[in-house]
file final12.csv (CSV, C-alpha atoms)
chain,number,residue,atom,x,y,z
G,17,MET,CA,101.2,37.9,30.1
G,18,LYS,CA,100.8,39.2,26.7
G,19,THR,CA,97.5,40.0,25.2
G,20,THR,CA,96.6,40.4,21.6
G,21,ASP,CA,95.0,43.7,20.8
G,22,THR,CA,92.3,43.5,18.2
G,23,PRO,CA,92.4,46.4,15.9
G,24,ALA,CA,89.4,48.6,15.8
G,25,PRO,CA,87.3,48.2,12.7
G,26,VAL,CA,87.9,50.9,10.2
G,27,PRO,CA,84.7,52.7,9.3
G,28,ALA,CA,83.8,52.4,5.7
G,29,GLU,CA,84.0,55.4,3.6
G,30,SER,CA,80.8,57.0,2.5
G,31,GLY,CA,79.6,55.5,-0.8
G,32,THR,CA,81.5,52.2,-0.3
G,33,PRO,CA,79.1,49.2,0.1
G,34,VAL,CA,79.7,47.0,3.1
G,35,ALA,CA,79.5,43.2,2.5
G,36,LYS,CA,77.1,41.4,4.8
G,37,THR,CA,77.7,37.7,5.7
G,38,ASP,CA,74.6,35.6,6.3
G,39,THR,CA,75.7,32.9,8.7
G,40,GLN,CA,72.2,31.2,9.2
G,41,GLY,CA,70.4,31.5,5.9
G,42,GLY,CA,72.8,29.1,4.0
G,43,PRO,CA,72.3,25.9,6.0
G,44,ALA,CA,68.6,26.5,6.5
G,45,ARG,CA,68.1,27.0,2.8
G,46,LYS,CA,70.2,23.9,2.0
G,47,GLU,CA,68.1,21.7,4.4
G,48,LYS,CA,64.9,23.0,2.9
G,49,LYS,CA,66.1,22.2,-0.6
G,50,GLU,CA,67.1,18.7,0.5
G,51,GLY,CA,63.7,18.1,2.2
G,52,GLY,CA,62.0,19.3,-1.0
G,53,VAL,CA,63.9,16.8,-3.1
G,54,LEU,CA,63.2,14.0,-0.6
G,55,ASN,CA,59.5,14.8,-0.7
G,56,VAL,CA,59.4,14.8,-4.5
G,57,PHE,CA,61.2,11.5,-4.6
G,58,SER,CA,58.9,9.9,-2.0
G,59,HIS,CA,55.7,11.2,-3.6
G,60,GLY,CA,57.0,10.0,-7.0
G,61,MET,CA,57.6,6.5,-5.7
G,62,LEU,CA,54.1,6.4,-4.1
G,63,ILE,CA,52.6,7.5,-7.4
G,64,LEU,CA,54.5,4.8,-9.3
G,65,TRP,CA,53.5,2.1,-6.8
G,66,ALA,CA,49.9,3.2,-6.9
G,67,PHE,CA,50.0,3.0,-10.7
G,68,MET,CA,51.5,-0.5,-10.6
G,69,VAL,CA,48.8,-1.7,-8.2
G,70,VAL,CA,45.7,0.1,-9.7
G,71,MET,CA,46.4,-0.4,-13.4
G,72,PRO,CA,46.1,-4.2,-13.4
G,73,LEU,CA,42.9,-4.0,-11.4
G,74,LEU,CA,41.4,-1.5,-13.8
G,75,TRP,CA,42.5,-3.5,-16.8
G,76,ALA,CA,40.9,-6.7,-15.4
G,77,VAL,CA,37.6,-4.9,-14.8
G,78,MET,CA,37.7,-3.3,-18.3
G,79,THR,CA,38.5,-6.7,-19.9
G,80,SER,CA,35.6,-8.4,-18.1
G,81,PHE,CA,33.2,-6.3,-20.1
G,82,LYS,CA,34.8,-7.1,-23.5
G,83,ASP,CA,34.2,-9.9,-25.9
G,84,ASP,CA,36.9,-12.4,-26.8
G,85,SER,CA,37.9,-10.8,-30.1
G,86,SER,CA,38.3,-7.4,-28.5
G,87,ILE,CA,40.5,-8.9,-25.7
G,88,PHE,CA,43.1,-10.1,-28.3
G,89,ASN,CA,42.7,-7.5,-31.0
G,90,SER,CA,42.6,-4.3,-28.8
G,91,PRO,CA,43.6,-5.3,-25.2
G,92,TRP,CA,44.2,-1.7,-24.1
G,93,ALA,CA,41.2,-0.1,-25.7
G,94,LEU,CA,38.0,0.6,-23.9
G,95,PRO,CA,35.1,-1.9,-24.7
G,96,ASP,CA,32.9,-1.0,-27.5
G,97,LYS,CA,29.9,-1.8,-25.3
G,98,LEU,CA,29.4,-3.4,-21.9
G,99,HIS,CA,29.0,-7.2,-22.3
G,100,PHE,CA,27.2,-8.0,-19.1
G,101,ASP,CA,26.5,-11.5,-20.5
G,102,ASN,CA,30.1,-12.3,-19.5
G,103,TRP,CA,29.2,-11.9,-15.8
G,104,SER,CA,26.0,-13.9,-16.1
G,105,ARG,CA,27.7,-16.7,-18.0
G,106,ALA,CA,30.4,-16.9,-15.3
G,107,TRP,CA,27.9,-16.8,-12.5
G,108,THR,CA,25.6,-19.5,-13.8
G,109,ASP,CA,27.5,-21.7,-16.4
G,110,ALA,CA,30.8,-21.7,-14.4
G,111,ASN,CA,29.0,-22.3,-11.1
G,112,MET,CA,30.5,-19.2,-9.5
G,113,SER,CA,27.4,-18.8,-7.5
G,114,ASP,CA,27.9,-22.1,-5.7
G,115,TYR,CA,31.6,-21.3,-5.2
G,116,PHE,CA,30.7,-17.9,-3.7
G,117,LEU,CA,28.2,-19.5,-1.3
G,118,ASN,CA,30.6,-22.2,-0.1
G,119,THR,CA,33.3,-19.6,0.4
G,120,ILE,CA,31.1,-17.2,2.4
G,121,LEU,CA,30.0,-20.1,4.7
G,122,VAL,CA,33.6,-21.2,5.3
G,123,VAL,CA,35.1,-17.8,5.7
G,124,ALA,CA,32.2,-16.5,7.9
G,125,GLY,CA,32.4,-19.5,10.2
G,126,SER,CA,36.2,-19.5,10.4
G,127,LEU,CA,36.5,-15.8,10.9
G,128,ILE,CA,34.0,-15.7,13.8
G,129,GLY,CA,35.7,-18.7,15.4
G,130,THR,CA,39.1,-17.3,15.0
G,131,LEU,CA,38.3,-13.9,16.5
G,132,VAL,CA,36.4,-15.4,19.5
G,133,LEU,CA,39.0,-18.1,20.3
G,134,GLY,CA,42.0,-15.9,19.5
G,135,SER,CA,40.8,-13.0,21.6
G,136,MET,CA,40.1,-15.2,24.6
G,137,ALA,CA,43.5,-16.8,24.4
G,138,ALA,CA,45.2,-13.5,23.8
G,139,TYR,CA,43.4,-11.9,26.8
G,140,VAL,CA,44.5,-14.6,29.1
G,141,LEU,CA,48.1,-14.5,27.9
G,142,ALA,CA,48.3,-10.7,28.1
G,143,ARG,CA,46.5,-10.2,31.5
G,144,PHE,CA,47.2,-13.3,33.7
G,145,ASP,CA,50.6,-14.5,34.9
G,146,PHE,CA,50.7,-18.3,35.4
G,147,PRO,CA,53.3,-21.0,34.9
G,148,GLY,CA,53.8,-21.7,31.2
G,149,ASN,CA,52.4,-18.4,30.1
G,150,ARG,CA,55.5,-17.5,28.0
G,151,PHE,CA,55.8,-21.1,26.7
G,152,ILE,CA,52.3,-21.1,25.3
G,153,TYR,CA,52.8,-17.7,23.8
G,154,PHE,CA,56.0,-18.8,22.0
G,155,LEU,CA,54.1,-21.9,20.8
G,156,PHE,CA,51.7,-19.6,19.0
G,157,ILE,CA,54.6,-17.6,17.6
G,158,GLY,CA,56.2,-20.9,16.4
G,159,GLY,CA,53.0,-21.8,14.7
G,160,MET,CA,53.4,-18.6,12.5
G,161,SER,CA,56.8,-19.8,11.3
G,162,PHE,CA,55.7,-23.4,10.5
G,163,PRO,CA,55.3,-23.9,6.8
G,164,ILE,CA,51.8,-25.1,5.8
G,165,MET,CA,53.3,-27.3,3.2
G,166,LEU,CA,54.9,-29.5,5.8
G,167,ALA,CA,51.5,-30.1,7.6
G,168,LEU,CA,49.4,-31.0,4.5
G,169,VAL,CA,50.0,-34.8,4.6
G,170,PRO,CA,49.5,-35.3,8.4
G,171,LEU,CA,46.6,-32.8,8.3
G,172,PHE,CA,44.9,-34.8,5.6
G,173,TYR,CA,45.0,-38.0,7.6
G,174,VAL,CA,43.9,-36.3,10.8
G,175,VAL,CA,40.9,-34.7,9.1
G,176,ASN,CA,40.1,-37.9,7.3
G,177,ASN,CA,40.2,-40.0,10.6
G,178,MET,CA,37.9,-37.5,12.2
G,179,GLY,CA,35.4,-37.9,9.4
G,180,LEU,CA,35.7,-34.2,8.4
G,181,LEU,CA,37.1,-34.6,4.9
G,182,ASN,CA,35.2,-32.8,2.1
G,183,THR,CA,32.9,-31.0,4.6
G,184,ILE,CA,32.3,-27.3,5.2
G,185,HIS,CA,32.7,-27.6,9.0
G,186,GLY,CA,35.9,-29.5,8.6
G,187,LEU,CA,37.4,-26.8,6.5
G,188,ILE,CA,36.2,-24.2,9.0
G,189,LEU,CA,38.1,-25.9,11.8
G,190,VAL,CA,41.2,-26.1,9.7
G,191,TYR,CA,41.0,-22.4,8.8
G,192,ILE,CA,40.6,-21.5,12.5
G,193,ALA,CA,43.7,-23.5,13.5
G,194,TYR,CA,45.6,-22.0,10.6
G,195,SER,CA,44.7,-18.4,11.6
G,196,LEU,CA,45.0,-18.7,15.4
G,197,PRO,CA,48.8,-18.1,15.7
G,198,PHE,CA,48.8,-14.8,14.0
G,199,THR,CA,45.6,-13.7,15.7
G,200,VAL,CA,46.9,-14.5,19.2
G,201,PHE,CA,50.2,-12.9,18.5
G,202,PHE,CA,48.5,-9.7,17.3
G,203,LEU,CA,45.8,-9.4,20.0
G,204,THR,CA,48.1,-10.3,22.8
G,205,ALA,CA,50.2,-7.2,22.1
G,206,PHE,CA,47.0,-5.2,21.7
G,207,PHE,CA,45.5,-6.3,25.0
G,208,ARG,CA,48.7,-5.2,26.8
G,209,THR,CA,48.1,-1.7,25.6
G,210,LEU,CA,44.6,-1.4,27.2
G,211,PRO,CA,44.3,0.2,30.6
G,212,THR,CA,44.0,-2.2,33.5
G,213,SER,CA,42.1,0.2,35.7
G,214,VAL,CA,38.8,-0.4,33.9
G,215,ALA,CA,39.1,-4.2,34.5
G,216,GLU,CA,40.0,-3.7,38.1
G,217,ALA,CA,37.0,-1.5,38.6
G,218,ALA,CA,34.8,-4.1,37.1
G,219,PHE,CA,36.2,-6.7,39.5
G,220,VAL,CA,35.6,-4.4,42.4
G,221,ASP,CA,32.0,-4.1,41.4
G,222,GLY,CA,31.6,-7.9,41.4
G,223,ALA,CA,31.9,-8.7,37.7
G,224,SER,CA,33.2,-12.1,36.8
G,225,HIS,CA,36.2,-12.7,34.5
G,226,SER,CA,34.0,-13.7,31.6
G,227,ARG,CA,31.7,-10.8,32.0
G,228,THR,CA,34.6,-8.4,32.3
G,229,PHE,CA,36.1,-9.8,29.1
G,230,PHE,CA,33.0,-9.9,26.9
G,231,GLN,CA,31.3,-6.7,28.1
G,232,ILE,CA,34.3,-4.4,28.9
G,233,MET,CA,37.6,-5.6,27.4
G,234,LEU,CA,36.3,-7.0,24.1
G,235,PRO,CA,34.5,-3.7,23.1
G,236,MET,CA,37.7,-1.8,24.0
G,237,ALA,CA,39.7,-4.0,21.7
G,238,LYS,CA,37.4,-3.3,18.7
G,239,PRO,CA,40.1,-1.6,16.6
G,240,GLY,CA,42.4,-4.5,17.1
G,241,LEU,CA,39.7,-7.0,16.3
G,242,ILE,CA,38.8,-5.3,13.1
G,243,SER,CA,42.4,-5.1,12.0
G,244,VAL,CA,43.2,-8.7,12.6
G,245,GLY,CA,39.8,-9.7,11.2
G,246,ILE,CA,40.6,-7.9,7.9
G,247,PHE,CA,44.0,-9.7,7.7
G,248,ASN,CA,42.4,-13.1,8.4
G,249,PHE,CA,39.6,-12.4,6.0
G,250,LEU,CA,42.1,-11.7,3.2
G,251,GLY,CA,44.1,-14.8,4.0
G,252,GLN,CA,41.1,-17.1,4.3
G,253,TRP,CA,39.3,-15.8,1.3
G,254,ASN,CA,42.4,-16.3,-0.9
G,255,GLN,CA,43.4,-19.6,0.6
G,256,TYR,CA,44.0,-22.3,-2.1
G,257,MET,CA,46.3,-24.9,-0.7
G,258,LEU,CA,44.2,-26.1,2.2
G,259,PRO,CA,40.9,-26.5,0.3
G,260,THR,CA,42.7,-28.2,-2.6
G,261,VAL,CA,44.0,-30.9,-0.3
G,262,LEU,CA,41.1,-31.2,2.1
G,263,ASN,CA,38.1,-30.5,-0.1
G,264,THR,CA,38.0,-32.6,-3.2
G,265,ASP,CA,34.3,-32.8,-3.6
G,266,PRO,CA,33.2,-30.7,-6.7
G,267,ASP,CA,30.0,-29.6,-4.9
G,268,LYS,CA,32.0,-28.2,-1.9
G,269,ARG,CA,34.6,-26.2,-3.8
G,270,VAL,CA,35.4,-22.8,-2.6
G,271,LEU,CA,36.1,-19.7,-4.8
G,272,THR,CA,39.8,-20.2,-5.4
G,273,GLN,CA,39.3,-23.8,-6.5
G,274,GLY,CA,36.5,-22.6,-8.8
G,275,LEU,CA,38.7,-20.0,-10.4
G,276,VAL,CA,41.4,-22.6,-11.2
G,277,GLN,CA,38.7,-24.9,-12.6
G,278,LEU,CA,37.3,-22.0,-14.6
G,279,ALA,CA,40.7,-21.0,-15.9
G,280,ALA,CA,41.4,-24.6,-17.0
G,281,SER,CA,38.0,-25.2,-18.7
G,282,GLN,CA,37.5,-21.8,-20.2
G,283,GLY,CA,41.1,-21.7,-21.5
G,284,TYR,CA,40.4,-24.7,-23.8
G,285,LYS,CA,37.0,-23.2,-24.8
G,286,GLY,CA,38.4,-19.8,-25.5
G,287,ASP,CA,35.9,-18.0,-23.2
G,288,TRP,CA,38.5,-15.5,-21.8
G,289,SER,CA,35.8,-12.9,-21.2
G,290,GLY,CA,34.0,-15.2,-18.8
G,291,LEU,CA,37.3,-16.0,-17.1
G,292,PHE,CA,38.0,-12.3,-16.4
G,293,ALA,CA,34.5,-11.8,-15.2
G,294,GLY,CA,35.0,-14.5,-12.6
G,295,LEU,CA,38.3,-13.0,-11.5
G,296,VAL,CA,36.7,-9.7,-10.9
G,297,MET,CA,33.9,-11.3,-9.0
G,298,ALA,CA,36.5,-12.8,-6.7
G,299,MET,CA,38.2,-9.5,-6.2
G,300,ILE,CA,35.2,-7.4,-5.4
G,301,PRO,CA,34.5,-8.6,-1.8
G,302,VAL,CA,38.1,-8.1,-0.8
G,303,LEU,CA,38.2,-4.6,-2.2
G,304,VAL,CA,34.9,-3.6,-0.6
G,305,ALA,CA,35.9,-5.0,2.8
G,306,TYR,CA,39.2,-3.1,2.8
G,307,ILE,CA,37.6,0.2,1.6
G,308,ILE,CA,35.0,0.0,4.3
G,309,PHE,CA,37.3,-0.8,7.2
G,310,GLN,CA,40.5,0.9,6.1
G,311,ARG,CA,40.3,3.5,8.9
G,312,GLN,CA,39.8,0.8,11.5
G,313,VAL,CA,42.7,-1.1,10.1
G,314,VAL,CA,45.1,1.9,10.5
G,315,ALA,CA,43.7,2.7,13.9
G,316,GLY,CA,44.2,-0.9,15.1
G,317,LEU,CA,47.8,-1.0,13.8
G,318,THR,CA,48.8,2.3,15.4
G,319,ALA,CA,46.9,2.1,18.6
G,320,GLY,CA,49.8,0.6,20.5
G,321,ALA,CA,52.3,3.1,19.2
G,322,LEU,CA,50.0,6.1,20.0
G,323,LYS,CA,49.3,5.1,23.5

call {"tool": "encode", "arguments": {"input": "final12.csv", "output": "structure tokens"}}
result
Amino acid sequence: MKTTDTPAPVPAESGTPVAKTDTQGGPARKEKKEGGVLNVFSHGMLILWAFMVVMPLLWAVMTSFKDDSSIFNSPWALPDKLHFDNWSRAWTDANMSDYFLNTILVVAGSLIGTLVLGSMAAYVLARFDFPGNRFIYFLFIGGMSFPIMLALVPLFYVVNNMGLLNTIHGLILVYIAYSLPFTVFFLTAFFRTLPTSVAEAAFVDGASHSRTFFQIMLPMAKPGLISVGIFNFLGQWNQYMLPTVLNTDPDKRVLTQGLVQLAASQGYKGDWSGLFAGLVMAMIPVLVAYIIFQRQVVAGLTAGALK
């Protein structure tokens, strides 16, 4: 068997520089450069997206304090002075106060009913195994994919036959039914992430199913309840199609109906400043709710992944 002898390295003469090869610095430096480029690109896209979202909001708020001539002559300039009469005119003359009250009553009642009924149904589907469990669960999921436009005509006749047309409590019941599928789907997955040992300990101590749910499991599900509550609040506050079909009484109009009426009436009168003031009034509760509960929303969405 032949072997290949490797010649011994020849020592370099004194004064001759020896070239050194860096076998690890090149790839590491390249990966670091690529990561820096990716970070710059991602941050740039986030800044662009934030600009696209925040600028229309700021422009609407700024325009709500202008008069009509300033809106058309200098739309991008700051207002010469704050015209608070735009807000008072929209609040009183355009009946925004009545629309706000009706919307608060409807959304508050429907939100409470949705969270209570949805959490109870989700807890049963997540914790108890019985015949038809998966079938009921998939029925709720199917309700999420059912277009609301297809249900408007039969829903109108059902609500009318029940004597709930043009009523606040009738609209509350419809909102609850509309929001239940997503609520049950969201909370079922959340209840499955909660530890079962706490509920088992409560049963050993003699607690009933209802007491275990309301006093133990429901407080543990607070992040999920807040998250799904925020999503339901946004959807119910901005709902327009359902109240337009089921709530034709001018005295029972909600905020979205009032804004459309305000846009139509003020558009002919030329009171654009009052229209922008009404729009900002409708946006403020949504922004305040999300700013207050943004940490809970993130915690609720990531609770299952972090467990």

call {"tool": "atom_distance", "arguments": {"input": "final12.csv", "atom1": "atom CA of Gly240 of chain G", "atom2": "atom CA of Phe151 of chain G"}}
result
23.4 Å

call {"tool": "closest_residue", "arguments": {"input": "final12.csv", "among": "G:Val174, G:Leu127, G:Ile184, G:Met236", "to": "Val270 of chain G", "atoms": "all atoms listed in the file"}}
result
G:Ile184

call {"tool": "closest_residue", "arguments": {"input": "final12.csv", "among": "G:Ser243, G:Gln277, G:Asn263, G:Ser289", "to": "Met78 of chain G", "atoms": "only C-alpha atoms"}}
result
G:Ser289

call {"tool": "closest_residue", "arguments": {"input": "final12.csv", "among": "G:Val70, G:Val261, G:Ala237, G:Val304", "to": "Leu187 of chain G", "atoms": "only C-alpha atoms"}}
result
G:Val261

call {"tool": "atom_distance", "arguments": {"input": "final12.csv", "atom1": "atom CA of Ala110 of chain G", "atom2": "atom CA of Leu295 of chain G"}}
result
11.8 Å

call {"tool": "closest_residue", "arguments": {"input": "final12.csv", "among": "G:Gln231, G:Gly125, G:Met299, G:Ala106", "to": "Ala279 of chain G", "atoms": "all atoms listed in the file"}}
result
G:Ala106

call {"tool": "decode", "arguments": {"input": "final12.csv", "residues": "segment 50-90 of chain G", "atoms": "N, CA and C atoms", "output": "PDB file, in the first residue's frame"}}
result
ATOM      1  N   GLU G  50     -26.342  40.369   6.324  1.00  0.00           N
ATOM      2  CA  GLU G  50     -27.677  40.061   5.831  1.00  0.00           C
ATOM      3  C   GLU G  50     -28.739  40.330   6.890  1.00  0.00           C
ATOM      4  N   GLY G  51     -28.454  39.981   8.175  1.00  0.00           N
ATOM      5  CA  GLY G  51     -29.403  40.270   9.240  1.00  0.00           C
ATOM      6  C   GLY G  51     -29.641  41.752   9.429  1.00  0.00           C
ATOM      7  N   GLY G  52     -28.585  42.551   9.276  1.00  0.00           N
ATOM      8  CA  GLY G  52     -28.758  43.994   9.389  1.00  0.00           C
ATOM      9  C   GLY G  52     -29.622  44.553   8.277  1.00  0.00           C
ATOM     10  N   VAL G  53     -29.438  44.053   7.056  1.00  0.00           N
ATOM     11  CA  VAL G  53     -30.259  44.506   5.935  1.00  0.00           C
ATOM     12  C   VAL G  53     -31.722  44.122   6.143  1.00  0.00           C
ATOM     13  N   LEU G  54     -31.958  42.895   6.653  1.00  0.00           N
ATOM     14  CA  LEU G  54     -33.326  42.456   6.913  1.00  0.00           C
ATOM     15  C   LEU G  54     -33.983  43.295   8.000  1.00  0.00           C
ATOM     16  N   ASN G  55     -33.243  43.631   9.053  1.00  0.00           N
ATOM     17  CA  ASN G  55     -33.802  44.470  10.107  1.00  0.00           C
ATOM     18  C   ASN G  55     -34.152  45.857   9.596  1.00  0.00           C
ATOM     19  N   VAL G  56     -33.280  46.421   8.775  1.00  0.00           N
ATOM     20  CA  VAL G  56     -33.561  47.742   8.214  1.00  0.00           C
ATOM     21  C   VAL G  56     -34.808  47.697   7.343  1.00  0.00           C
ATOM     22  N   PHE G  57     -34.944  46.644   6.535  1.00  0.00           N
ATOM     23  CA  PHE G  57     -36.120  46.516   5.659  1.00  0.00           C
ATOM     24  C   PHE G  57     -37.397  46.351   6.478  1.00  0.00           C
ATOM     25  N   SER G  58     -37.358  45.473   7.496  1.00  0.00           N
ATOM     26  CA  SER G  58     -38.561  45.245   8.306  1.00  0.00           C
ATOM     27  C   SER G  58     -38.962  46.487   9.087  1.00  0.00           C
ATOM     28  N   HIS G  59     -37.972  47.173   9.664  1.00  0.00           N
ATOM     29  CA  HIS G  59     -38.303  48.411  10.389  1.00  0.00           C
ATOM     30  C   HIS G  59     -38.823  49.478   9.440  1.00  0.00           C
ATOM     31  N   GLY G  60     -38.276  49.534   8.247  1.00  0.00           N
ATOM     32  CA  GLY G  60     -38.769  50.506   7.276  1.00  0.00           C
ATOM     33  C   GLY G  60     -40.216  50.237   6.881  1.00  0.00           C
ATOM     34  N   MET G  61     -40.572  48.965   6.701  1.00  0.00           N
ATOM     35  CA  MET G  61     -41.954  48.621   6.373  1.00  0.00           C
ATOM     36  C   MET G  61     -42.892  48.930   7.533  1.00  0.00           C
ATOM     37  N   LEU G  62     -42.439  48.686   8.768  1.00  0.00           N
ATOM     38  CA  LEU G  62     -43.276  49.013   9.929  1.00  0.00           C
ATOM     39  C   LEU G  62     -43.501  50.516  10.045  1.00  0.00           C
ATOM     40  N   ILE G  63     -42.454  51.281   9.797  1.00  0.00           N
ATOM     41  CA  ILE G  63     -42.596  52.744   9.854  1.00  0.00           C
ATOM     42  C   ILE G  63     -43.551  53.228   8.763  1.00  0.00           C
ATOM     43  N   LEU G  64     -43.430  52.655   7.560  1.00  0.00           N
ATOM     44  CA  LEU G  64     -44.327  53.040   6.471  1.00  0.00           C
ATOM     45  C   LEU G  64     -45.770  52.681   6.787  1.00  0.00           C
ATOM     46  N   TRP G  65     -45.977  51.487   7.354  1.00  0.00           N
ATOM     47  CA  TRP G  65     -47.331  51.073   7.715  1.00  0.00           C
ATOM     48  C   TRP G  65     -47.910  51.957   8.817  1.00  0.00           C
ATOM     49  N   ALA G  66     -47.099  52.284   9.819  1.00  0.00           N
ATOM     50  CA  ALA G  66     -47.567  53.174  10.884  1.00  0.00           C
ATOM     51  C   ALA G  66     -47.927  54.551  10.330  1.00  0.00           C
ATOM     52  N   PHE G  67     -47.132  55.029   9.391  1.00  0.00           N
ATOM     53  CA  PHE G  67     -47.426  56.328   8.774  1.00  0.00           C
ATOM     54  C   PHE G  67     -48.748  56.285   8.028  1.00  0.00           C
ATOM     55  N   MET G  68     -49.000  55.197   7.292  1.00  0.00           N
ATOM     56  CA  MET G  68     -50.238  55.070   6.529  1.00  0.00           C
ATOM     57  C   MET G  68     -51.458  54.954   7.430  1.00  0.00           C
ATOM     58  N   VAL G  69     -51.289  54.416   8.638  1.00  0.00           N
ATOM     59  CA  VAL G  69     -52.418  54.260   9.552  1.00  0.00           C
ATOM     60  C   VAL G  69     -52.645  55.525  10.373  1.00  0.00           C
ATOM     61  N   VAL G  70     -51.570  56.122  10.861  1.00  0.00           N
ATOM     62  CA  VAL G  70     -51.699  57.246  11.795  1.00  0.00           C
ATOM     63  C   VAL G  70     -52.053  58.540  11.073  1.00  0.00           C
ATOM     64  N   MET G  71     -51.504  58.758   9.895  1.00  0.00           N
ATOM     65  CA  MET G  71     -51.722  60.031   9.206  1.00  0.00           C
ATOM     66  C   MET G  71     -53.195  60.320   8.910  1.00  0.00           C
ATOM     67  N   PRO G  72     -53.987  59.360   8.379  1.00  0.00           N
ATOM     68  CA  PRO G  72     -55.412  59.677   8.186  1.00  0.00           C
ATOM     69  C   PRO G  72     -56.142  60.013   9.482  1.00  0.00           C
ATOM     70  N   LEU G  73     -55.773  59.340  10.581  1.00  0.00           N
ATOM     71  CA  LEU G  73     -56.411  59.650  11.859  1.00  0.00           C
ATOM     72  C   LEU G  73     -56.071  61.063  12.316  1.00  0.00           C
ATOM     73  N   LEU G  74     -54.796  61.405  12.238  1.00  0.00           N
ATOM     74  CA  LEU G  74     -54.388  62.757  12.634  1.00  0.00           C
ATOM     75  C   LEU G  74     -55.016  63.812  11.733  1.00  0.00           C
ATOM     76  N   TRP G  75     -55.105  63.514  10.436  1.00  0.00           N
ATOM     77  CA  TRP G  75     -55.703  64.477   9.521  1.00  0.00           C
ATOM     78  C   TRP G  75     -57.189  64.668   9.822  1.00  0.00           C
ATOM     79  N   ALA G  76     -57.896  63.593  10.157  1.00  0.00           N
ATOM     80  CA  ALA G  76     -59.315  63.715  10.499  1.00  0.00           C
ATOM     81  C   ALA G  76     -59.509  64.526  11.777  1.00  0.00           C
ATOM     82  N   VAL G  77     -58.657  64.276  12.783  1.00  0.00           N
ATOM     83  CA  VAL G  77     -58.746  65.050  14.027  1.00  0.00           C
ATOM     84  C   VAL G  77     -58.450  66.520  13.759  1.00  0.00           C
ATOM     85  N   MET G  78     -57.420  66.809  12.965  1.00  0.00           N
ATOM     86  CA  MET G  78     -57.069  68.188  12.646  1.00  0.00           C
ATOM     87  C   MET G  78     -58.187  68.877  11.866  1.00  0.00           C
ATOM     88  N   THR G  79     -58.806  68.160  10.940  1.00  0.00           N
ATOM     89  CA  THR G  79     -59.858  68.747  10.118  1.00  0.00           C
ATOM     90  C   THR G  79     -61.109  69.015  10.937  1.00  0.00           C
ATOM     91  N   SER G  80     -61.337  68.242  11.987  1.00  0.00           N
ATOM     92  CA  SER G  80     -62.541  68.448  12.786  1.00  0.00           C
ATOM     93  C   SER G  80     -62.517  69.775  13.537  1.00  0.00           C
ATOM     94  N   PHE G  81     -61.351  70.396  13.665  1.00  0.00           N
ATOM     95  CA  PHE G  81     -61.247  71.690  14.351  1.00  0.00           C
ATOM     96  C   PHE G  81     -61.137  72.864  13.372  1.00  0.00           C
ATOM     97  N   LYS G  82     -61.319  72.629  12.074  1.00  0.00           N
ATOM     98  CA  LYS G  82     -61.270  73.687  11.072  1.00  0.00           C
ATOM     99  C   LYS G  82     -62.677  74.130  10.697  1.00  0.00           C
ATOM    100  N   ASP G  83     -62.747  75.291  10.046  1.00  0.00           N
ATOM    101  CA  ASP G  83     -64.006  75.684   9.437  1.00  0.00           C
ATOM    102  C   ASP G  83     -64.060  75.173   7.997  1.00  0.00           C
ATOM    103  N   ASP G  84     -65.209  75.327   7.361  1.00  0.00           N
ATOM    104  CA  ASP G  84     -65.400  74.736   6.035  1.00  0.00           C
ATOM    105  C   ASP G  84     -64.465  75.337   4.991  1.00  0.00           C
ATOM    106  N   SER G  85     -64.235  76.633   5.030  1.00  0.00           N
ATOM    107  CA  SER G  85     -63.356  77.267   4.042  1.00  0.00           C
ATOM    108  C   SER G  85     -61.920  76.776   4.181  1.00  0.00           C
ATOM    109  N   SER G  86     -61.446  76.580   5.401  1.00  0.00           N
ATOM    110  CA  SER G  86     -60.076  76.094   5.607  1.00  0.00           C
ATOM    111  C   SER G  86     -59.919  74.652   5.145  1.00  0.00           C
ATOM    112  N   ILE G  87     -60.986  73.858   5.244  1.00  0.00           N
ATOM    113  CA  ILE G  87     -60.902  72.469   4.813  1.00  0.00           C
ATOM    114  C   ILE G  87     -60.618  72.365   3.323  1.00  0.00           C
ATOM    115  N   PHE G  88     -61.241  73.252   2.525  1.00  0.00           N
ATOM    116  CA  PHE G  88     -61.059  73.183   1.074  1.00  0.00           C
ATOM    117  C   PHE G  88     -59.874  74.020   0.600  1.00  0.00           C
ATOM    118  N   ASN G  89     -59.602  75.140   1.244  1.00  0.00           N
ATOM    119  CA  ASN G  89     -58.525  76.013   0.778  1.00  0.00           C
ATOM    120  C   ASN G  89     -57.150  75.536   1.228  1.00  0.00           C
ATOM    121  N   SER G  90     -57.038  75.055   2.439  1.00  0.00           N
ATOM    122  CA  SER G  90     -55.747  74.578   2.961  1.00  0.00           C
ATOM    123  C   SER G  90     -55.972  73.285   3.730  1.00  0.00           C
TER     124      SER G  90
END
